[in-house]
$ cat structure-v9.tsv   # TSV, C-alpha atoms
chain	number	residue	atom	x	y	z
P	1	MET	CA	-33.98	13.79	-16.09
P	2	VAL	CA	-33.92	16.61	-18.61
P	3	PHE	CA	-34.24	20.21	-17.53
P	4	ARG	CA	-34.58	23.50	-19.36
P	5	PRO	CA	-32.94	26.61	-17.96
P	6	ARG	CA	-35.43	29.24	-16.86
P	7	ARG	CA	-34.45	32.59	-15.37
P	8	ARG	CA	-35.80	33.22	-11.88
P	9	GLU	CA	-36.78	36.65	-10.61
P	10	GLY	CA	-34.14	38.61	-8.68
P	11	SER	CA	-30.44	39.11	-9.14
P	12	ALA	CA	-27.91	36.43	-8.33
P	13	ALA	CA	-26.94	38.33	-5.19
P	14	GLU	CA	-30.53	38.18	-3.96
P	15	ARG	CA	-30.93	34.44	-4.49
P	16	ALA	CA	-30.04	31.89	-1.79
P	17	PRO	CA	-27.00	29.61	-2.07
P	18	PRO	CA	-27.74	25.99	-2.98
P	19	PRO	CA	-28.24	23.47	-0.17
P	20	ASP	CA	-25.19	21.45	0.86
P	21	ASP	CA	-27.09	18.31	1.79
P	22	ALA	CA	-26.50	14.96	0.13
P	23	GLU	CA	-30.01	14.74	-1.35
P	24	PHE	CA	-29.71	17.99	-3.32
P	25	ILE	CA	-26.14	17.25	-4.49
P	26	GLY	CA	-27.20	13.78	-5.55
P	27	GLN	CA	-30.09	15.18	-7.58
P	28	LEU	CA	-27.78	17.68	-9.27
P	29	HIS	CA	-25.24	14.96	-10.13
P	30	ARG	CA	-27.89	12.62	-11.48
P	31	ALA	CA	-29.60	15.31	-13.60
P	32	LEU	CA	-26.37	16.53	-15.21
P	33	ILE	CA	-24.94	13.05	-15.73
P	34	ASP	CA	-28.17	11.88	-17.37
P	35	ARG	CA	-28.10	14.86	-19.70
P	36	LEU	CA	-24.45	14.34	-20.58
P	37	GLU	CA	-24.92	10.63	-21.14
P	38	ASP	CA	-27.87	11.36	-23.42
P	39	ASP	CA	-25.85	13.86	-25.45
P	40	GLN	CA	-22.15	12.90	-25.53
P	41	ALA	CA	-21.49	15.74	-27.96
P	42	LEU	CA	-21.78	18.14	-25.03
P	43	LEU	CA	-18.56	16.74	-23.62
P	44	GLY	CA	-16.30	17.04	-26.64
P	45	ASP	CA	-12.58	16.19	-26.60
P	46	ASP	CA	-11.24	19.42	-25.09
P	47	PRO	CA	-11.07	19.12	-21.24
P	48	THR	CA	-11.15	22.89	-20.78
P	49	LEU	CA	-14.19	23.30	-23.02
P	50	MET	CA	-15.90	20.35	-21.32
P	51	ARG	CA	-15.40	21.93	-17.89
P	52	ARG	CA	-16.85	25.24	-19.09
P	53	ARG	CA	-19.92	23.49	-20.49
P	54	VAL	CA	-20.49	21.55	-17.27
P	55	GLU	CA	-20.09	24.73	-15.22
P	56	THR	CA	-22.70	26.40	-17.42
P	57	MET	CA	-25.02	23.44	-16.88
P	58	VAL	CA	-24.53	23.70	-13.11
P	59	GLU	CA	-25.42	27.40	-13.19
P	60	GLU	CA	-28.52	26.65	-15.28
P	61	TYR	CA	-29.60	23.90	-12.88
P	62	LEU	CA	-29.21	26.19	-9.86
P	63	ASP	CA	-30.93	29.08	-11.60
P	64	LEU	CA	-33.88	26.86	-12.48
P	65	ARG	CA	-34.37	26.18	-8.78
P	66	GLY	CA	-33.86	29.75	-7.65
P	67	TYR	CA	-30.34	29.37	-6.32
P	68	ALA	CA	-27.08	31.12	-7.12
P	69	ALA	CA	-23.54	30.15	-6.19
P	70	PRO	CA	-20.17	31.92	-6.41
P	71	PRO	CA	-17.77	30.81	-9.18
P	72	ALA	CA	-15.68	28.69	-6.81
P	73	ARG	CA	-18.73	26.70	-5.71
P	74	VAL	CA	-19.90	26.25	-9.30
P	75	ALA	CA	-16.43	25.03	-10.30
P	76	SER	CA	-16.42	22.59	-7.37
P	77	LEU	CA	-19.82	21.15	-8.31
P	78	ALA	CA	-18.78	20.89	-11.97
P	79	GLY	CA	-15.60	19.08	-10.96
P	80	GLU	CA	-17.62	16.56	-8.95
P	81	VAL	CA	-19.80	15.82	-11.97
P	82	ILE	CA	-16.77	15.37	-14.25
P	83	ASN	CA	-15.13	13.06	-11.71
P	84	GLU	CA	-18.30	11.01	-11.54
P	85	LEU	CA	-18.30	10.64	-15.32
P	86	HIS	CA	-14.64	9.90	-15.95
P	87	GLY	CA	-12.91	9.31	-12.65
P	88	TYR	CA	-13.30	8.03	-9.11
P	89	GLY	CA	-15.70	10.64	-7.79
P	90	PRO	CA	-14.75	12.25	-4.45
P	91	LEU	CA	-11.50	10.26	-4.38
P	92	GLU	CA	-10.08	11.99	-7.46
P	93	PRO	CA	-8.47	14.98	-5.67
P	94	LEU	CA	-7.08	12.67	-2.98
P	95	LEU	CA	-5.54	10.32	-5.53
P	96	ALA	CA	-3.99	13.29	-7.33
P	97	ASP	CA	-2.36	14.66	-4.16
P	98	ASP	CA	1.20	13.30	-3.99
P	99	ASP	CA	1.49	14.16	-0.29
P	100	ILE	CA	-1.25	11.67	0.61
P	101	THR	CA	-0.05	8.10	1.16
P	102	ASP	CA	-3.24	6.37	2.34
P	103	ILE	CA	-6.96	6.96	1.77
P	104	LEU	CA	-9.40	5.36	4.22
P	105	VAL	CA	-13.14	5.41	3.59
P	106	ASN	CA	-15.21	4.39	6.63
P	107	GLY	CA	-18.62	4.76	5.06
P	108	PRO	CA	-19.87	7.65	2.91
P	109	ARG	CA	-19.41	10.49	5.43
P	110	ARG	CA	-16.12	9.52	7.09
P	111	VAL	CA	-13.09	9.74	4.83
P	112	PHE	CA	-9.59	9.92	6.30
P	113	ILE	CA	-6.18	10.40	4.74
P	114	GLU	CA	-2.62	9.88	5.91
P	115	ARG	CA	-0.30	12.77	5.20
P	116	GLY	CA	3.21	12.99	6.63
P	117	GLY	CA	2.64	9.87	8.70
P	118	ARG	CA	-0.46	11.24	10.47
P	119	LEU	CA	-4.14	10.54	9.92
P	120	GLU	CA	-6.54	13.43	9.38
P	121	ARG	CA	-10.16	13.86	8.34
P	122	ALA	CA	-10.63	14.63	4.66
P	123	GLU	CA	-13.10	17.27	3.54
P	124	VAL	CA	-14.57	15.09	0.78
P	125	ARG	CA	-17.58	12.86	1.27
P	126	PHE	CA	-19.79	10.47	-0.65
P	127	LEU	CA	-23.52	10.88	-1.08
P	128	ASN	CA	-24.46	7.50	0.36
P	129	ASP	CA	-23.42	3.83	0.49
P	130	ALA	CA	-24.46	3.30	-3.13
P	131	HIS	CA	-22.15	6.14	-4.18
P	132	VAL	CA	-19.17	4.47	-2.46
P	133	LEU	CA	-19.99	1.16	-4.12
P	134	ARG	CA	-20.32	2.79	-7.53
P	135	VAL	CA	-16.86	4.35	-7.28
P	136	VAL	CA	-15.19	1.18	-5.99
P	137	ARG	CA	-16.77	-0.95	-8.68
P	138	ARG	CA	-15.52	1.51	-11.28
P	139	MET	CA	-12.02	0.92	-9.89
P	140	LEU	CA	-12.38	-2.85	-9.96
P	141	SER	CA	-14.18	-3.27	-13.28
P	142	PRO	CA	-11.06	-3.00	-15.53
P	143	LEU	CA	-9.31	-5.50	-13.24
P	144	GLY	CA	-11.98	-8.15	-13.71
P	145	ARG	CA	-12.81	-8.14	-9.98
P	146	ARG	CA	-16.25	-7.97	-8.41
P	147	LEU	CA	-17.67	-6.65	-5.16
P	148	ASP	CA	-21.14	-7.81	-4.15
P	149	GLU	CA	-22.92	-9.97	-1.60
P	150	ALA	CA	-21.35	-13.11	-3.05
P	151	SER	CA	-17.86	-11.54	-2.90
P	152	PRO	CA	-18.04	-8.95	-0.10
P	153	MET	CA	-14.25	-8.54	0.23
P	154	VAL	CA	-11.70	-7.69	-2.43
P	155	ASP	CA	-8.00	-6.87	-2.53
P	156	ALA	CA	-6.58	-5.59	-5.80
P	157	ARG	CA	-3.87	-3.50	-7.42
P	158	LEU	CA	-4.83	-0.52	-9.56
P	159	PRO	CA	-3.07	0.10	-12.91
P	160	ASP	CA	-0.84	2.76	-11.29
P	161	GLY	CA	0.34	0.25	-8.66
P	162	SER	CA	-1.84	1.50	-5.80
P	163	ARG	CA	-3.40	-1.15	-3.59
P	164	VAL	CA	-7.11	-1.11	-2.85
P	165	ASN	CA	-8.96	-3.19	-0.29
P	166	ALA	CA	-12.73	-3.01	0.05
P	167	ILE	CA	-15.25	-4.71	2.31
P	168	ILE	CA	-19.01	-4.15	2.26
P	169	PRO	CA	-22.09	-5.03	4.33
P	170	PRO	CA	-23.06	-7.38	5.83
P	171	LEU	CA	-19.42	-7.88	6.82
P	172	ALA	CA	-18.84	-4.13	7.31
P	173	LEU	CA	-21.56	-3.03	9.71
P	174	ASP	CA	-21.37	0.74	9.13
P	175	GLY	CA	-21.30	0.79	5.34
P	176	PRO	CA	-18.69	0.08	2.67
P	177	CYS	CA	-15.09	0.51	3.83
P	178	VAL	CA	-12.25	1.16	1.42
P	179	SER	CA	-8.50	1.33	2.10
P	180	ILE	CA	-6.15	2.62	-0.60
P	181	ARG	CA	-2.37	2.54	-0.24
P	182	LYS	CA	-1.12	4.88	-2.94
P	183	PHE	CA	1.79	3.94	-5.15
P	184	ARG	CA	4.73	6.32	-5.16
P	185	GLU	CA	6.19	6.73	-8.64
P	186	ASP	CA	9.44	8.31	-7.48
P	187	ALA	CA	10.83	5.73	-5.04
P	188	LEU	CA	12.62	7.07	-1.98
P	189	THR	CA	16.39	6.71	-1.82
P	190	ALA	CA	18.89	6.20	0.99
P	191	GLU	CA	19.61	9.93	0.83
P	192	ASP	CA	15.91	10.64	1.39
P	193	LEU	CA	15.81	8.46	4.50
P	194	ILE	CA	18.88	10.23	5.86
P	195	ALA	CA	17.34	13.65	5.13
P	196	PHE	CA	14.08	12.60	6.84
P	197	ASP	CA	16.06	11.49	9.92
P	198	SER	CA	14.79	7.96	9.43
P	199	ALA	CA	18.31	6.59	9.73
P	200	PRO	CA	21.77	8.16	10.19
P	201	ALA	CA	24.15	8.16	7.24
P	202	GLU	CA	26.58	5.84	9.04
P	203	LEU	CA	23.86	3.24	9.55
P	204	MET	CA	22.64	3.44	5.94
P	205	ALA	CA	26.21	2.81	4.79
P	206	VAL	CA	26.40	-0.29	6.99
P	207	LEU	CA	23.06	-1.62	5.75
P	208	GLN	CA	23.99	-1.05	2.11
P	209	ARG	CA	27.31	-2.80	2.65
P	210	ALA	CA	25.48	-5.74	4.22
P	211	VAL	CA	23.36	-6.00	1.07
P	212	VAL	CA	26.42	-5.93	-1.17
P	213	GLU	CA	28.07	-8.59	1.00
P	214	ARG	CA	24.99	-10.80	0.52
P	215	ARG	CA	23.70	-10.88	4.09
P	216	ASN	CA	20.21	-12.28	4.58
P	217	ILE	CA	18.06	-9.51	6.03
P	218	LEU	CA	14.64	-9.43	7.71
P	219	ILE	CA	12.89	-6.07	8.13
P	220	SER	CA	10.41	-6.05	11.01
P	221	GLY	CA	7.80	-3.47	11.98
P	222	GLY	CA	4.15	-2.65	12.51
P	223	THR	CA	1.63	-1.58	9.88
P	224	GLY	CA	2.61	1.62	8.09
P	225	THR	CA	6.09	1.86	9.62
P	226	GLY	CA	7.90	1.88	6.26
P	227	LYS	CA	9.03	-1.75	5.92
P	228	THR	CA	8.48	-1.90	2.17
P	229	THR	CA	10.08	1.53	1.70
P	230	LEU	CA	13.25	0.42	3.49
P	231	LEU	CA	13.26	-2.89	1.61
P	232	ASN	CA	13.08	-0.97	-1.65
P	233	VAL	CA	15.89	1.37	-0.61
P	234	LEU	CA	18.18	-1.51	0.40
P	235	SER	CA	17.37	-3.42	-2.78
P	236	ALA	CA	18.91	-0.56	-4.75
P	237	ALA	CA	22.30	-1.64	-3.40
P	238	ILE	CA	22.13	-5.04	-5.10
P	239	PRO	CA	24.83	-5.25	-7.82
P	240	GLU	CA	23.50	-4.91	-11.36
P	241	ALA	CA	24.94	-8.25	-12.48
P	242	GLU	CA	22.82	-10.30	-10.06
P	243	ARG	CA	19.52	-11.91	-10.97
P	244	VAL	CA	16.75	-11.01	-8.51
P	245	VAL	CA	13.30	-12.58	-8.19
P	246	THR	CA	10.70	-10.59	-6.23
P	247	ILE	CA	7.52	-12.13	-4.81
P	248	GLU	CA	4.68	-9.92	-3.59
P	249	ASP	CA	0.95	-9.97	-2.96
P	250	SER	CA	0.70	-6.53	-4.58
P	251	ALA	CA	3.72	-5.39	-6.57
P	252	GLU	CA	5.22	-2.35	-4.82
P	253	LEU	CA	8.97	-2.82	-5.10
P	254	GLN	CA	10.74	-0.60	-7.63
P	255	LEU	CA	14.14	-2.15	-8.15
P	256	GLY	CA	16.36	-0.23	-10.51
P	257	SER	CA	18.24	-3.31	-11.72
P	258	GLN	CA	17.54	-4.56	-15.22
P	259	HIS	CA	17.78	-8.21	-14.19
P	260	VAL	CA	14.65	-8.43	-12.04
P	261	VAL	CA	11.84	-10.96	-12.37
P	262	ARG	CA	8.66	-9.73	-10.65
P	263	LEU	CA	6.13	-12.31	-9.47
P	264	GLU	CA	2.76	-11.57	-7.90
P	265	THR	CA	0.33	-13.86	-6.10
P	266	ARG	CA	-3.17	-14.35	-7.47
P	267	ALA	CA	-6.40	-14.54	-5.50
P	268	PRO	CA	-8.94	-17.25	-6.33
P	269	ASN	CA	-11.70	-16.39	-8.78
P	270	THR	CA	-15.38	-16.24	-7.87
P	271	GLU	CA	-15.57	-20.04	-8.10
P	272	GLY	CA	-12.71	-20.36	-5.61
P	273	GLU	CA	-10.26	-21.59	-8.23
P	274	GLY	CA	-7.02	-20.33	-9.77
P	275	GLU	CA	-5.29	-19.15	-6.59
P	276	VAL	CA	-1.51	-18.86	-6.73
P	277	THR	CA	0.06	-18.53	-3.28
P	278	ALA	CA	3.32	-16.98	-2.15
P	279	ARG	CA	4.58	-20.43	-1.20
P	280	GLN	CA	4.00	-21.70	-4.73
P	281	LEU	CA	5.88	-18.71	-6.14
P	282	VAL	CA	8.80	-19.13	-3.72
P	283	LYS	CA	9.12	-22.78	-4.74
P	284	ASN	CA	8.89	-21.86	-8.41
P	285	SER	CA	11.45	-19.07	-8.04
P	286	LEU	CA	14.06	-21.63	-6.95
P	287	ARG	CA	13.85	-23.10	-10.45
P	288	MET	CA	14.48	-19.71	-12.06
P	289	ARG	CA	18.20	-19.51	-11.21
P	290	PRO	CA	17.93	-16.51	-8.85
P	291	ASP	CA	20.96	-15.01	-7.14
P	292	ARG	CA	18.63	-13.47	-4.59
P	293	ILE	CA	14.98	-13.79	-3.65
P	294	ILE	CA	13.03	-10.86	-2.20
P	295	LEU	CA	9.78	-11.81	-0.51
P	296	GLY	CA	7.74	-8.64	-0.08
P	297	GLU	CA	6.11	-9.85	3.13
P	298	SER	CA	6.42	-13.07	5.11
P	299	ARG	CA	2.96	-13.87	6.37
P	300	GLY	CA	2.35	-17.62	6.07
P	301	ASP	CA	3.72	-21.04	5.26
P	302	GLU	CA	6.00	-19.66	2.53
P	303	VAL	CA	8.42	-18.65	5.31
P	304	LEU	CA	9.84	-22.17	5.59
P	305	ASP	CA	10.70	-22.29	1.88
P	306	MET	CA	12.20	-18.79	2.08
P	307	LEU	CA	14.42	-19.75	5.04
P	308	GLN	CA	15.51	-22.90	3.26
P	309	ALA	CA	16.38	-20.85	0.19
P	310	MET	CA	18.53	-18.57	2.37
P	311	ASN	CA	20.26	-21.68	3.71
P	312	THR	CA	20.91	-23.25	0.31
P	313	GLY	CA	22.90	-20.75	-1.70
P	314	HIS	CA	20.54	-17.80	-2.17
P	315	MET	CA	22.48	-15.48	0.10
P	316	GLY	CA	21.55	-11.82	0.16
P	317	SER	CA	17.82	-12.53	0.17
P	318	MET	CA	15.43	-10.25	2.05
P	319	SER	CA	11.89	-10.08	3.39
P	320	THR	CA	9.63	-8.15	5.78
P	321	VAL	CA	7.41	-9.26	8.64
P	322	HIS	CA	4.79	-7.62	10.84
P	323	ALA	CA	6.08	-7.49	14.43
P	324	ASN	CA	6.37	-4.95	17.23
P	325	SER	CA	10.04	-5.64	17.93
P	326	ALA	CA	12.99	-7.45	16.42
P	327	ARG	CA	12.72	-10.23	18.98
P	328	ASP	CA	8.98	-10.53	18.39
P	329	SER	CA	9.74	-11.07	14.69
P	330	LEU	CA	11.48	-14.34	15.59
P	331	VAL	CA	8.34	-15.54	17.35
P	332	ARG	CA	6.36	-14.66	14.22
P	333	LEU	CA	8.75	-16.66	12.08
P	334	GLN	CA	8.53	-19.64	14.40
P	335	MET	CA	4.74	-19.53	14.27
P	336	MET	CA	4.69	-19.28	10.46
P	337	VAL	CA	7.09	-22.20	10.08
P	338	ARG	CA	4.62	-24.24	12.12
P	339	LEU	CA	1.85	-23.18	9.72
P	340	SER	CA	3.73	-25.04	6.99
P	341	SER	CA	3.11	-28.31	8.89
P	342	PHE	CA	6.82	-28.65	9.63
P	343	GLN	CA	7.29	-31.67	11.90
P	344	GLY	CA	10.66	-30.82	13.48
P	345	THR	CA	11.28	-29.79	17.07
P	346	ASP	CA	11.25	-26.20	18.29
P	347	ALA	CA	15.03	-26.36	18.56
P	348	LEU	CA	15.28	-27.38	14.92
P	349	VAL	CA	12.97	-24.53	13.88
P	350	ASN	CA	15.23	-22.10	15.72
P	351	GLN	CA	18.31	-23.60	14.09
P	352	ILE	CA	16.81	-23.09	10.63
P	353	ILE	CA	16.06	-19.46	11.46
P	354	ALA	CA	19.41	-18.80	13.11
P	355	THR	CA	21.45	-20.20	10.24
P	356	ALA	CA	19.32	-18.46	7.60
P	357	LEU	CA	19.19	-14.90	8.92
P	358	ASP	CA	22.13	-12.54	9.40
P	359	MET	CA	20.39	-9.31	10.37
P	360	ILE	CA	17.04	-8.04	11.68
P	361	ILE	CA	16.11	-4.38	11.16
P	362	GLN	CA	13.27	-3.01	13.28
P	363	VAL	CA	11.42	0.02	11.91
P	364	ASP	CA	9.02	2.07	14.03
P	365	ARG	CA	6.63	5.01	13.77
P	366	ASP	CA	6.34	7.40	16.71
P	367	ALA	CA	3.27	9.31	17.93
P	368	SER	CA	3.99	12.19	15.54
P	369	GLY	CA	3.94	9.82	12.55
P	370	HIS	CA	7.71	9.93	12.00
P	371	ARG	CA	9.12	6.67	10.65
P	372	HIS	CA	12.63	5.56	11.58
P	373	VAL	CA	14.93	2.59	12.10
P	374	GLY	CA	14.57	1.69	15.78
P	375	GLU	CA	17.25	-0.94	16.10
P	376	VAL	CA	19.39	-3.35	14.12
P	377	LEU	CA	20.32	-6.75	15.54
P	378	ARG	CA	22.81	-9.30	14.24
P	379	VAL	CA	21.78	-12.96	14.46
P	380	THR	CA	24.78	-14.56	16.16
P	381	GLY	CA	23.65	-18.17	16.44
P	382	LEU	CA	21.92	-20.60	18.73
P	383	ARG	CA	22.52	-21.30	22.40
P	384	ARG	CA	20.58	-23.83	24.44
P	385	GLY	CA	17.97	-23.99	21.73
P	386	ALA	CA	17.35	-20.21	21.69
P	387	ILE	CA	18.35	-17.77	18.95
P	388	THR	CA	21.03	-15.34	20.11
P	389	LEU	CA	21.16	-11.72	18.96
P	390	ALA	CA	23.70	-8.92	19.26
P	391	PRO	CA	22.81	-5.22	18.91
P	392	LEU	CA	24.44	-3.24	16.10
P	393	TYR	CA	22.37	-0.08	16.43
P	394	ARG	CA	19.68	1.49	18.58
P	395	ARG	CA	18.15	4.87	17.81
P	396	HIS	CA	19.89	7.74	19.59
P	397	GLU	CA	22.77	5.43	20.55
P	398	ALA	CA	26.18	5.13	18.96
P	399	LEU	CA	26.59	2.62	16.15
P	400	ALA	CA	28.55	-0.49	17.11
P	401	ASP	CA	32.06	-1.05	15.80
P	402	VAL	CA	30.87	-2.43	12.50
P	403	GLU	CA	34.34	-2.57	10.95
P	404	SER	CA	35.16	-5.57	13.10
P	405	ILE	CA	31.86	-7.46	12.81
P	406	ASP	CA	32.35	-11.21	12.88
P	407	TRP	CA	29.53	-12.65	10.80
P	408	SER	CA	30.36	-16.24	11.78
P	409	LYS	CA	27.79	-17.98	13.98
P	410	SER	CA	27.84	-20.31	16.94
P	411	VAL	CA	25.11	-22.86	16.31
P	412	GLU	CA	24.63	-25.99	18.37
P	413	GLU	CA	24.18	-29.31	16.68
P	414	ILE	CA	20.60	-30.50	16.98
P	415	SER	CA	20.37	-34.23	17.46
$ encode --input "structure-v9.tsv" --output "structure tokens"
Amino acid sequence: MVFRPRRREGSAAERAPPPDDAEFIGQLHRALIDRLEDDQALLGDDPTLMRRRVETMVEEYLDLRGYAAPPARVASLAGEVINELHGYGPLEPLLADDDITDILVNGPRRVFIERGGRLERAEVRFLNDAHVLRVVRRMLSPLGRRLDEASPMVDARLPDGSRVNAIIPPLALDGPCVSIRKFREDALTAEDLIAFDSAPAELMAVLQRAVVERRNILISGGTGTGKTTLLNVLSAAIPEAERVVTIEDSAELQLGSQHVVRLETRAPNTEGEGEVTARQLVKNSLRMRPDRIILGESRGDEVLDMLQAMNTGHMGSMSTVHANSARDSLVRLQMMVRLSSFQGTDALVNQIIATALDMIIQVDRDASGHRHVGEVLRVTGLRRGAITLAPLYRRHEALADVESIDWSKSVEEIS
């Protein structure tokens, strides 16, 4: 659509502001984008000059239709057009905001963000379902991933490390849904967690010492409680000389050590081929001479191989698991071992877990969105077929006498 500016009668103050409905905004976007795509010279290489030209085009478009808008509104409309051309549309300002950790799109008109651990409604919106799809496909295109009726779900990692998950109709009944977990370039440190009151300094010192002493650690917690953040912080305590292999579905860990091998699973292609699972990577990592293995999240049959690795010389390994309590995490592990088609008894499963793990750290998020270490339990052994635990720390309670911790275990023989 090509338009020619034509001055309407009346001053700008006398003219009405432009409509704020999706149909009008969509028409404006389409008209300006068509014109810019037809004449790329209008854009130029100077971002400032490009913005001025687009703002002028917005004013001309509004004037042609008898509308006038204040400079702030013109700048906002121009920014939307530029984002549509070169970026991710309405998501651009959210992706640029370092205080936002998650972006959740529940259809074109309902966009939510997580800031400071709490969800809130975002002011941005999409024009319609097609607009959401266009932006998501722009994200996925450089990654070689597709999103359509044949592949209505996708999980991918953006070039900056952010994770994006999308699901579309007919699976999503109310329109396309997108979840983006933003990647934090400046990884949090132990000092940050102490300052945020996520863990007391005395506890962080104990956890870091446990890492140095090569204790096998499981971090348990619900979605969004900070499991990966704590795993990353504790990983910083691994001595530089040790060789570490990390295994993740989407690479998020930011280990400072120079001797790190990062492995990432691969989803099957559109023909259902080429998948590389976490279990395959755990098995392969054992052939890579690792001192430690860090499994970003235990979620399936790879747990058995990870526990066996912990039991066969790869001390100081770590992983996370989704669970509502430290004791619930053991049930999750037992279930996942069974998923691997392990044929042993329940008592033998418990013995494998009890001998492999040294410590379970439970992380929680309260109603205000504050994330913190809720409790730390030491795995003390096995008694009458059940895993025994001893508390080291509970939030708002005194830390146990960690100087005299006896890490030896009492494990029954399983016949």
$ residues_around --input "structure-v9.tsv" --residues "region 104-119 of chain P" --least-positions-apart "6" --cutoff "7 Å" --atoms "only C-alpha atoms" --output "VMD selection string"
chain P and resid 125 to 129 132 174 to 180 368 to 370
$ write_last_selection --input "structure-v9.tsv" --atoms "C-alpha atoms" --output "PDB file, keeping the file's coordinate frame"
ATOM      1  CA  ARG P 125     -17.580  12.860   1.270  1.00  0.00           C
ATOM      2  CA  PHE P 126     -19.790  10.470  -0.650  1.00  0.00           C
ATOM      3  CA  LEU P 127     -23.520  10.880  -1.080  1.00  0.00           C
ATOM      4  CA  ASN P 128     -24.460   7.500   0.360  1.00  0.00           C
ATOM      5  CA  ASP P 129     -23.420   3.830   0.490  1.00  0.00           C
ATOM      6  CA  VAL P 132     -19.170   4.470  -2.460  1.00  0.00           C
ATOM      7  CA  ASP P 174     -21.370   0.740   9.130  1.00  0.00           C
ATOM      8  CA  GLY P 175     -21.300   0.790   5.340  1.00  0.00           C
ATOM      9  CA  PRO P 176     -18.690   0.080   2.670  1.00  0.00           C
ATOM     10  CA  CYS P 177     -15.090   0.510   3.830  1.00  0.00           C
ATOM     11  CA  VAL P 178     -12.250   1.160   1.420  1.00  0.00           C
ATOM     12  CA  SER P 179      -8.500   1.330   2.100  1.00  0.00           C
ATOM     13  CA  ILE P 180      -6.150   2.620  -0.600  1.00  0.00           C
ATOM     14  CA  SER P 368       3.990  12.190  15.540  1.00  0.00           C
ATOM     15  CA  GLY P 369       3.940   9.820  12.550  1.00  0.00           C
ATOM     16  CA  HIS P 370       7.710   9.930  12.000  1.00  0.00           C
TER      17      HIS P 370
END
$ atom_distance --input "structure-v9.tsv" --atom1 "CA of His396 (chain P)" --atom2 "CA of Ile194 (chain P)"
14.0 Å
$ closest_residue --input "structure-v9.tsv" --among "P:Arg243, P:Arg332, P:Lys409, P:Arg163" --to "Leu389 (chain P)" --atoms "only C-alpha atoms"
P:Lys409
$ residues_around --input "structure-v9.tsv" --residues "Val337 (chain P)" --least-positions-apart "4" --cutoff "7 Å" --atoms "all atoms listed in the file" --output "MDAnalysis selection string"
chainID P and resid 301 303:304 333 342
$ closest_residue --input "structure-v9.tsv" --among "P:Lys283, P:Arg121, P:Pro142, P:Met315" --to "Val212 (chain P)" --atoms "only C-alpha atoms"
P:Met315
$ residues_around --input "structure-v9.tsv" --residues "region 230-237 of chain P" --least-positions-apart "4" --cutoff "7 Å" --atoms "all atoms listed in the file" --output "PDB file with C-alpha atoms, keeping the file's coordinate frame"
ATOM      1  CA  LEU P 188      12.620   7.070  -1.980  1.00  0.00           C
ATOM      2  CA  THR P 189      16.390   6.710  -1.820  1.00  0.00           C
ATOM      3  CA  ALA P 190      18.890   6.200   0.990  1.00  0.00           C
ATOM      4  CA  GLN P 208      23.990  -1.050   2.110  1.00  0.00           C
ATOM      5  CA  VAL P 211      23.360  -6.000   1.070  1.00  0.00           C
ATOM      6  CA  VAL P 212      26.420  -5.930  -1.170  1.00  0.00           C
ATOM      7  CA  GLY P 226       7.900   1.880   6.260  1.00  0.00           C
ATOM      8  CA  LEU P 253       8.970  -2.820  -5.100  1.00  0.00           C
ATOM      9  CA  GLN P 254      10.740  -0.600  -7.630  1.00  0.00           C
ATOM     10  CA  LEU P 255      14.140  -2.150  -8.150  1.00  0.00           C
ATOM     11  CA  GLY P 256      16.360  -0.230 -10.510  1.00  0.00           C
TER      12      GLY P 256
END
$ decode --input "structure-v9.tsv" --residues "region 254-263 of chain P" --atoms "N, CA and C atoms" --output "mmCIF file, in the first residue's frame"
data_model
loop_
_atom_site.group_PDB
_atom_site.id
_atom_site.type_symbol
_atom_site.label_atom_id
_atom_site.label_comp_id
_atom_site.auth_asym_id
_atom_site.auth_seq_id
_atom_site.Cartn_x
_atom_site.Cartn_y
_atom_site.Cartn_z
ATOM 1 N N GLN P 254 26.849 -20.957 33.481
ATOM 2 C CA GLN P 254 27.932 -20.044 33.102
ATOM 3 C C GLN P 254 29.125 -20.281 34.027
ATOM 4 N N LEU P 255 29.755 -21.404 33.859
ATOM 5 C CA LEU P 255 30.893 -21.746 34.707
ATOM 6 C C LEU P 255 32.105 -20.922 34.306
ATOM 7 N N GLY P 256 32.790 -20.390 35.298
ATOM 8 C CA GLY P 256 33.944 -19.555 35.022
ATOM 9 C C GLY P 256 35.201 -20.335 34.698
ATOM 10 N N SER P 257 35.215 -21.621 35.004
ATOM 11 C CA SER P 257 36.414 -22.437 34.770
ATOM 12 C C SER P 257 36.724 -22.545 33.282
ATOM 13 N N GLN P 258 37.992 -22.661 32.966
ATOM 14 C CA GLN P 258 38.411 -22.789 31.569
ATOM 15 C C GLN P 258 38.324 -24.228 31.079
ATOM 16 N N HIS P 259 38.205 -25.180 32.009
ATOM 17 C CA HIS P 259 38.209 -26.588 31.617
ATOM 18 C C HIS P 259 36.799 -27.156 31.711
ATOM 19 N N VAL P 260 35.892 -26.582 30.930
ATOM 20 C CA VAL P 260 34.493 -26.997 30.922
ATOM 21 C C VAL P 260 34.112 -27.452 29.522
ATOM 22 N N VAL P 261 33.457 -28.606 29.454
ATOM 23 C CA VAL P 261 32.910 -29.107 28.197
ATOM 24 C C VAL P 261 31.400 -29.019 28.301
ATOM 25 N N ARG P 262 30.768 -28.226 27.443
ATOM 26 C CA ARG P 262 29.319 -28.008 27.504
ATOM 27 C C ARG P 262 28.625 -28.866 26.444
ATOM 28 N N LEU P 263 27.694 -29.705 26.902
ATOM 29 C CA LEU P 263 26.916 -30.551 26.004
ATOM 30 C C LEU P 263 25.444 -30.163 26.109
#
